[in-house]
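Dumped my_file_5.cif below, it's mmCIF, C-alpha atoms:
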```cif
data_start
#
loop_
_atom_site.group_PDB
_atom_site.id
_atom_site.type_symbol
_atom_site.label_atom_id
_atom_site.label_comp_id
_atom_site.auth_asym_id
_atom_site.auth_seq_id
_atom_site.Cartn_x
_atom_site.Cartn_y
_atom_site.Cartn_z
ATOM 1 C CA MET A 1 27.434 41.734 16.968
ATOM 2 C CA LYS A 2 29.680 38.694 16.967
ATOM 3 C CA LYS A 3 26.683 36.364 17.334
ATOM 4 C CA GLN A 4 25.029 37.813 14.263
ATOM 5 C CA ARG A 5 28.228 37.517 12.287
ATOM 6 C CA LYS A 6 28.597 33.859 13.298
ATOM 7 C CA LYS A 7 24.964 33.233 12.317
ATOM 8 C CA SER A 8 25.572 34.849 8.937
ATOM 9 C CA ILE A 9 28.659 32.729 8.328
ATOM 10 C CA VAL A 10 26.762 29.563 9.276
ATOM 11 C CA ARG A 11 23.880 30.526 6.947
ATOM 12 C CA ILE A 12 26.246 31.158 4.049
ATOM 13 C CA PHE A 13 28.045 27.878 4.720
ATOM 14 C CA LEU A 14 24.746 25.949 4.792
ATOM 15 C CA LEU A 15 23.613 27.685 1.626
ATOM 16 C CA LEU A 16 26.837 26.694 -0.117
ATOM 17 C CA ILE A 17 26.177 23.069 0.851
ATOM 18 C CA VAL A 18 22.464 23.025 -0.014
ATOM 19 C CA ILE A 19 22.700 24.628 -3.466
ATOM 20 C CA PRO A 20 24.950 21.965 -5.090
ATOM 21 C CA ILE A 21 22.857 19.185 -3.535
ATOM 22 C CA TYR A 22 19.680 20.741 -4.908
ATOM 23 C CA ILE A 23 21.199 21.228 -8.362
ATOM 24 C CA PHE A 24 22.400 17.612 -8.488
ATOM 25 C CA THR A 25 19.047 16.178 -7.380
ATOM 26 C CA ASN A 26 17.108 18.489 -9.695
ATOM 27 C CA LEU A 27 19.177 17.460 -12.716
ATOM 28 C CA SER A 28 19.013 13.748 -11.908
ATOM 29 C CA TRP A 29 15.322 13.569 -10.900
ATOM 30 C CA HIS A 30 14.214 15.491 -13.985
ATOM 31 C CA GLN A 31 16.614 13.906 -16.472
ATOM 32 C CA ILE A 32 13.837 12.891 -18.903
ATOM 33 C CA TYR A 33 12.263 16.350 -18.855
ATOM 34 C CA TYR A 34 15.558 18.139 -19.459
ATOM 35 C CA TYR A 35 16.597 15.714 -22.200
ATOM 36 C CA THR A 36 13.340 16.111 -24.126
ATOM 37 C CA HIS A 37 13.425 19.924 -23.852
ATOM 38 C CA SER A 38 17.078 20.437 -24.726
ATOM 39 C CA GLN A 39 18.209 21.839 -28.066
ATOM 40 C CA LYS A 40 21.412 19.740 -27.873
ATOM 41 C CA THR A 41 19.836 16.269 -27.695
ATOM 42 C CA ASP A 42 18.941 13.779 -30.412
ATOM 43 C CA LYS A 43 15.195 13.288 -29.946
ATOM 44 C CA ARG A 44 15.346 9.913 -31.734
ATOM 45 C CA LEU A 45 17.215 8.596 -28.682
ATOM 46 C CA THR A 46 14.520 9.709 -26.222
ATOM 47 C CA PRO A 47 13.208 6.135 -25.669
ATOM 48 C CA ILE A 48 16.665 5.096 -24.412
ATOM 49 C CA VAL A 49 16.687 7.972 -21.903
ATOM 50 C CA VAL A 50 13.119 7.195 -20.789
ATOM 51 C CA ILE A 51 13.844 3.492 -20.322
ATOM 52 C CA TYR A 52 17.095 4.022 -18.447
ATOM 53 C CA ASN A 53 15.458 6.578 -16.151
ATOM 54 C CA LEU A 54 12.217 4.728 -15.416
ATOM 55 C CA GLY A 55 13.069 4.831 -11.722
ATOM 56 C CA GLU A 56 12.711 8.621 -11.904
ATOM 57 C CA ILE A 57 8.984 8.392 -12.551
ATOM 58 C CA MET A 58 8.198 5.244 -10.589
ATOM 59 C CA PHE A 59 7.974 6.905 -7.191
ATOM 60 C CA LYS A 60 5.632 9.602 -8.511
ATOM 61 C CA PRO A 61 2.248 7.878 -8.556
ATOM 62 C CA LYS A 62 -0.273 9.305 -10.943
ATOM 63 C CA ARG A 63 -3.663 7.965 -11.927
ATOM 64 C CA GLU A 64 -3.592 6.608 -15.475
ATOM 65 C CA THR A 65 -6.133 7.969 -17.913
ATOM 66 C CA ASP A 66 -7.132 4.731 -19.621
ATOM 67 C CA GLY A 67 -6.291 2.107 -17.014
ATOM 68 C CA LYS A 68 -4.353 -0.065 -19.477
ATOM 69 C CA TYR A 69 -0.925 0.931 -18.180
ATOM 70 C CA GLU A 70 0.546 -0.452 -14.988
ATOM 71 C CA TYR A 71 3.777 0.781 -13.472
ATOM 72 C CA VAL A 72 5.753 -1.727 -11.407
ATOM 73 C CA TYR A 73 8.280 -0.580 -8.821
ATOM 74 C CA PRO A 74 10.684 -1.957 -7.750
ATOM 75 C CA GLY A 75 11.571 -3.579 -10.987
ATOM 76 C CA ASN A 76 11.160 -0.544 -13.223
ATOM 77 C CA ALA A 77 8.609 -2.072 -15.568
ATOM 78 C CA ILE A 78 5.631 -0.823 -17.516
ATOM 79 C CA ASN A 79 2.880 -3.274 -18.415
ATOM 80 C CA TYR A 80 0.352 -2.515 -21.113
ATOM 81 C CA HIS A 81 -2.796 -4.646 -21.191
ATOM 82 C CA GLU A 82 -4.054 -4.330 -24.754
ATOM 83 C CA SER A 83 -6.880 -6.799 -24.118
ATOM 84 C CA ASP A 84 -7.832 -9.563 -21.699
ATOM 85 C CA SER A 85 -5.771 -12.022 -23.703
ATOM 86 C CA PHE A 86 -2.810 -9.922 -24.910
ATOM 87 C CA SER A 87 -0.372 -7.728 -22.986
ATOM 88 C CA TYR A 88 3.219 -6.613 -23.208
ATOM 89 C CA SER A 89 5.681 -5.137 -20.801
ATOM 90 C CA PHE A 90 8.935 -3.262 -20.804
ATOM 91 C CA VAL A 91 11.510 -3.882 -18.113
ATOM 92 C CA GLY A 92 14.294 -1.342 -17.741
ATOM 93 C CA GLY A 93 17.423 -2.590 -16.044
ATOM 94 C CA GLN A 94 18.790 -0.781 -13.051
ATOM 95 C CA GLY A 95 21.772 -1.474 -10.882
ATOM 96 C CA PHE A 96 23.781 -2.867 -13.772
ATOM 97 C CA SER A 97 26.856 -1.185 -15.169
ATOM 98 C CA ARG A 98 25.139 -1.374 -18.549
ATOM 99 C CA LEU A 99 21.533 -1.066 -19.533
ATOM 100 C CA HIS A 100 19.703 -4.391 -19.534
ATOM 101 C CA THR A 101 16.188 -4.273 -20.888
ATOM 102 C CA SER A 102 13.625 -6.592 -22.349
ATOM 103 C CA VAL A 103 10.227 -6.434 -23.947
ATOM 104 C CA GLY A 104 7.897 -9.271 -23.086
ATOM 105 C CA VAL A 105 4.762 -10.210 -25.006
ATOM 106 C CA PHE A 106 2.197 -12.469 -23.354
ATOM 107 C CA ASN A 107 -0.702 -14.119 -25.174
ATOM 108 C CA ARG A 108 -3.164 -15.792 -22.807
ATOM 109 C CA ASN A 109 -5.113 -17.471 -25.636
ATOM 110 C CA ASP A 110 -2.317 -19.890 -26.489
ATOM 111 C CA ASN A 111 -0.378 -19.432 -23.209
ATOM 112 C CA THR A 112 2.821 -18.221 -24.878
ATOM 113 C CA ARG A 113 5.326 -15.606 -23.850
ATOM 114 C CA ILE A 114 8.045 -14.036 -25.974
ATOM 115 C CA SER A 115 10.973 -12.175 -24.426
ATOM 116 C CA PHE A 116 13.015 -9.808 -26.598
ATOM 117 C CA GLU A 117 16.342 -9.120 -24.866
ATOM 118 C CA LEU A 118 17.690 -5.712 -25.911
ATOM 119 C CA ASP A 119 21.086 -4.060 -25.999
ATOM 120 C CA PRO A 120 21.698 -0.512 -24.639
ATOM 121 C CA LYS A 121 20.558 0.982 -27.954
ATOM 122 C CA LEU A 122 17.259 -0.988 -27.750
ATOM 123 C CA LYS A 123 18.182 -3.340 -30.579
ATOM 124 C CA ILE A 124 17.205 -6.995 -30.180
ATOM 125 C CA LYS A 125 20.086 -9.246 -29.088
ATOM 126 C CA TYR A 126 18.051 -12.449 -29.040
ATOM 127 C CA ILE A 127 14.496 -13.725 -28.685
ATOM 128 C CA ILE A 128 13.304 -16.420 -26.311
ATOM 129 C CA GLN A 129 9.875 -17.979 -26.858
ATOM 130 C CA PHE A 130 8.173 -19.765 -23.984
ATOM 131 C CA TYR A 131 5.552 -22.320 -24.973
ATOM 132 C CA PRO A 132 3.653 -24.534 -22.522
ATOM 133 C CA ASN A 133 5.960 -27.496 -23.239
ATOM 134 C CA ASN A 134 8.980 -25.905 -24.885
ATOM 135 C CA ILE A 135 11.442 -22.998 -24.718
ATOM 136 C CA THR A 136 13.234 -21.888 -27.881
ATOM 137 C CA GLU A 137 15.730 -19.204 -28.790
ATOM 138 C CA GLU A 138 15.374 -17.483 -32.142
ATOM 139 C CA LYS A 139 17.324 -14.968 -34.186
ATOM 140 C CA PRO A 140 15.676 -11.584 -34.612
ATOM 141 C CA THR A 141 14.304 -10.433 -37.960
ATOM 142 C CA PRO A 142 13.750 -6.848 -39.153
ATOM 143 C CA GLU A 143 10.014 -7.401 -38.563
ATOM 144 C CA ASP A 144 10.726 -8.327 -34.933
ATOM 145 C CA GLN A 145 12.775 -5.148 -34.475
ATOM 146 C CA ALA A 146 10.000 -3.046 -36.044
ATOM 147 C CA MET A 147 7.464 -4.600 -33.653
ATOM 148 C CA VAL A 148 9.678 -3.960 -30.605
ATOM 149 C CA ASP A 149 10.303 -0.380 -31.765
ATOM 150 C CA ARG A 150 6.531 0.137 -32.024
ATOM 151 C CA TYR A 151 5.963 -1.258 -28.496
ATOM 152 C CA VAL A 152 8.808 0.796 -27.029
ATOM 153 C CA LYS A 153 7.487 3.955 -28.688
ATOM 154 C CA GLN A 154 3.974 3.371 -27.395
ATOM 155 C CA LEU A 155 5.164 2.789 -23.831
ATOM 156 C CA THR A 156 7.688 5.622 -23.750
ATOM 157 C CA ASP A 157 5.238 8.067 -25.362
ATOM 158 C CA HIS A 158 2.802 7.246 -22.565
ATOM 159 C CA VAL A 159 5.474 7.935 -19.943
ATOM 160 C CA LEU A 160 6.278 11.286 -21.575
ATOM 161 C CA GLU A 161 2.606 12.297 -21.767
ATOM 162 C CA THR A 162 1.512 11.271 -18.276
ATOM 163 C CA ARG A 163 4.506 11.121 -15.937
ATOM 164 C CA VAL A 164 7.143 13.643 -16.974
ATOM 165 C CA THR A 165 6.551 17.011 -15.326
ATOM 166 C CA PRO A 166 8.633 20.169 -15.302
ATOM 167 C CA PRO A 167 10.724 20.846 -12.212
ATOM 168 C CA ILE A 168 9.660 23.586 -9.823
ATOM 169 C CA PHE A 169 12.906 25.449 -10.528
ATOM 170 C CA ASN A 170 13.871 24.865 -14.126
ATOM 171 C CA ILE A 171 17.634 24.814 -14.700
ATOM 172 C CA GLN A 172 17.519 23.770 -18.356
ATOM 173 C CA TRP A 173 20.387 26.157 -19.124
ATOM 174 C CA LEU A 174 22.656 24.272 -16.721
ATOM 175 C CA TYR A 175 21.602 20.901 -18.151
ATOM 176 C CA ASP A 176 22.410 22.167 -21.668
ATOM 177 C CA LEU A 177 25.734 23.543 -20.474
ATOM 178 C CA THR A 178 26.808 20.246 -18.866
ATOM 179 C CA PHE A 179 25.116 17.841 -21.322
ATOM 180 C CA ASP A 180 27.187 14.758 -22.171
ATOM 181 C CA GLU A 181 25.377 12.329 -24.475
ATOM 182 C CA LYS A 182 27.444 9.283 -23.524
ATOM 183 C CA LYS A 183 26.780 9.809 -19.822
ATOM 184 C CA VAL A 184 23.068 10.476 -20.249
ATOM 185 C CA LEU A 185 22.549 7.455 -22.489
ATOM 186 C CA HIS A 186 24.873 5.292 -20.349
ATOM 187 C CA LEU A 187 26.787 4.167 -23.423
ATOM 188 C CA GLU A 188 30.282 5.126 -22.241
ATOM 189 C CA ASP A 189 31.266 1.449 -21.882
ATOM 190 C CA GLU A 190 30.790 0.681 -25.556
#
```
Since I need it in another form, could you write the structure as structure tokens?
Amino acid sequence: MKKQRKKSIVRIFLLLIVIPIYIFTNLSWHQIYYYTHSQKTDKRLTPIVVIYNLGEIMFKPKRETDGKYEYVYPGNAINYHESDSFSYSFVGGQGFSRLHTSVGVFNRNDNTRISFELDPKLKIKYIIQFYPNNITEEKPTPEDQAMVDRYVKQLTDHVLETRVTPPIFNIQWLYDLTFDEKKVLHLEDE
């Protein structure tokens, strides 16, 4: 009788340890899914959540439908090869206290590369153009921001369509209960 009681106590103790660990990992590994399905979130900010949580989907390999997208891990980048001569990529920062991201555009025809360095809200901070014999820094224009927004939307929409899957045990109610926009978007330092 005492052995069974001890076994029961050990089982309960293990269960009390396992449940919080599972809840934490479920909420963190499915952050993008929960954010996009929550009634409390601002869907216009979804690209920020997708970019900051690229690592979530990087270790889940999935065959791409059109072959133009390439996921790079480590490095948390998505490359999109529009044609043989034109491609762009999105690099999401990780391991920094603040989000550090950039969009790079590469044109093989004239051997140029443009890097748009972005702030945590995905607004252009500055632009660096790499030419074969020259490197220049330029100020962003509204047209540049519109182009970057278009690229970011295309890449993040692809992530949402092909890589984000529902968790086995959906705890959306708990995510909604504990939702904190500043924490999720990693903007608490601003």
### Matched chain/residue IDs from the PyMOL selection byres ((chain A and resi 156-162) around 8), as a list of chain:residue names
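Taken on the displayed file, the PyMOL selection byres ((chain A and resi 156-162) around 8) yields the residues A:Pro47, A:Val50, A:Ile51, A:Lys62, A:Glu64, A:Val152, A:Lys153, A:Gln154, A:Leu155, A:Arg163, A:Val164.
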Filtering to C-alpha atoms, could you give me those residues as a PDB file, keeping the file's coordinate frame?
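out.pdb written:
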```
ATOM      1  CA  PRO A  47      13.208   6.135 -25.669  1.00  0.00           C
ATOM      2  CA  VAL A  50      13.119   7.195 -20.789  1.00  0.00           C
ATOM      3  CA  ILE A  51      13.844   3.492 -20.322  1.00  0.00           C
ATOM      4  CA  LYS A  62      -0.273   9.305 -10.943  1.00  0.00           C
ATOM      5  CA  GLU A  64      -3.592   6.608 -15.475  1.00  0.00           C
ATOM      6  CA  VAL A 152       8.808   0.796 -27.029  1.00  0.00           C
ATOM      7  CA  LYS A 153       7.487   3.955 -28.688  1.00  0.00           C
ATOM      8  CA  GLN A 154       3.974   3.371 -27.395  1.00  0.00           C
ATOM      9  CA  LEU A 155       5.164   2.789 -23.831  1.00  0.00           C
ATOM     10  CA  ARG A 163       4.506  11.121 -15.937  1.00  0.00           C
ATOM     11  CA  VAL A 164       7.143  13.643 -16.974  1.00  0.00           C
TER      12      VAL A 164
END
```
### Task
Extract, using all atoms listed in the file, all DNA, RNA and protein residues at most 7 Å from Asn111 (chain A), discarding same-chain residues fewer than 3 positions from it, and format them as a PyMOL selection string.
chain A and resi 107-108+131-132
Is it possible to get the axis-aligned box enclosing region 35-53 of chain A (all listed atoms, 4 Å extra per side) as lines of an AutoDock Vina configuration file, with centre and edge lengths in Å rounded to one decimal?
```
center_x = 17.3
center_y = 12.7
center_z = -23.9
size_x = 16.3
size_y = 26.3
size_z = 23.6
```
#### Entry: Of the listed residues A:Ser83, A:Phe90, A:Arg11, A:Glu56, that which approaches Asn109 (chain A) most closely, counting only C-alpha atoms
A:Ser83
### Task
Name the residues in contact with Ser89 (chain A) at a cut-off of 8 Å, using all atoms listed in the file, excluding same-chain residues fewer than 2 positions from it; report them as a VMD selection string.
chain A and resid 77 to 80 87 91 103 to 105
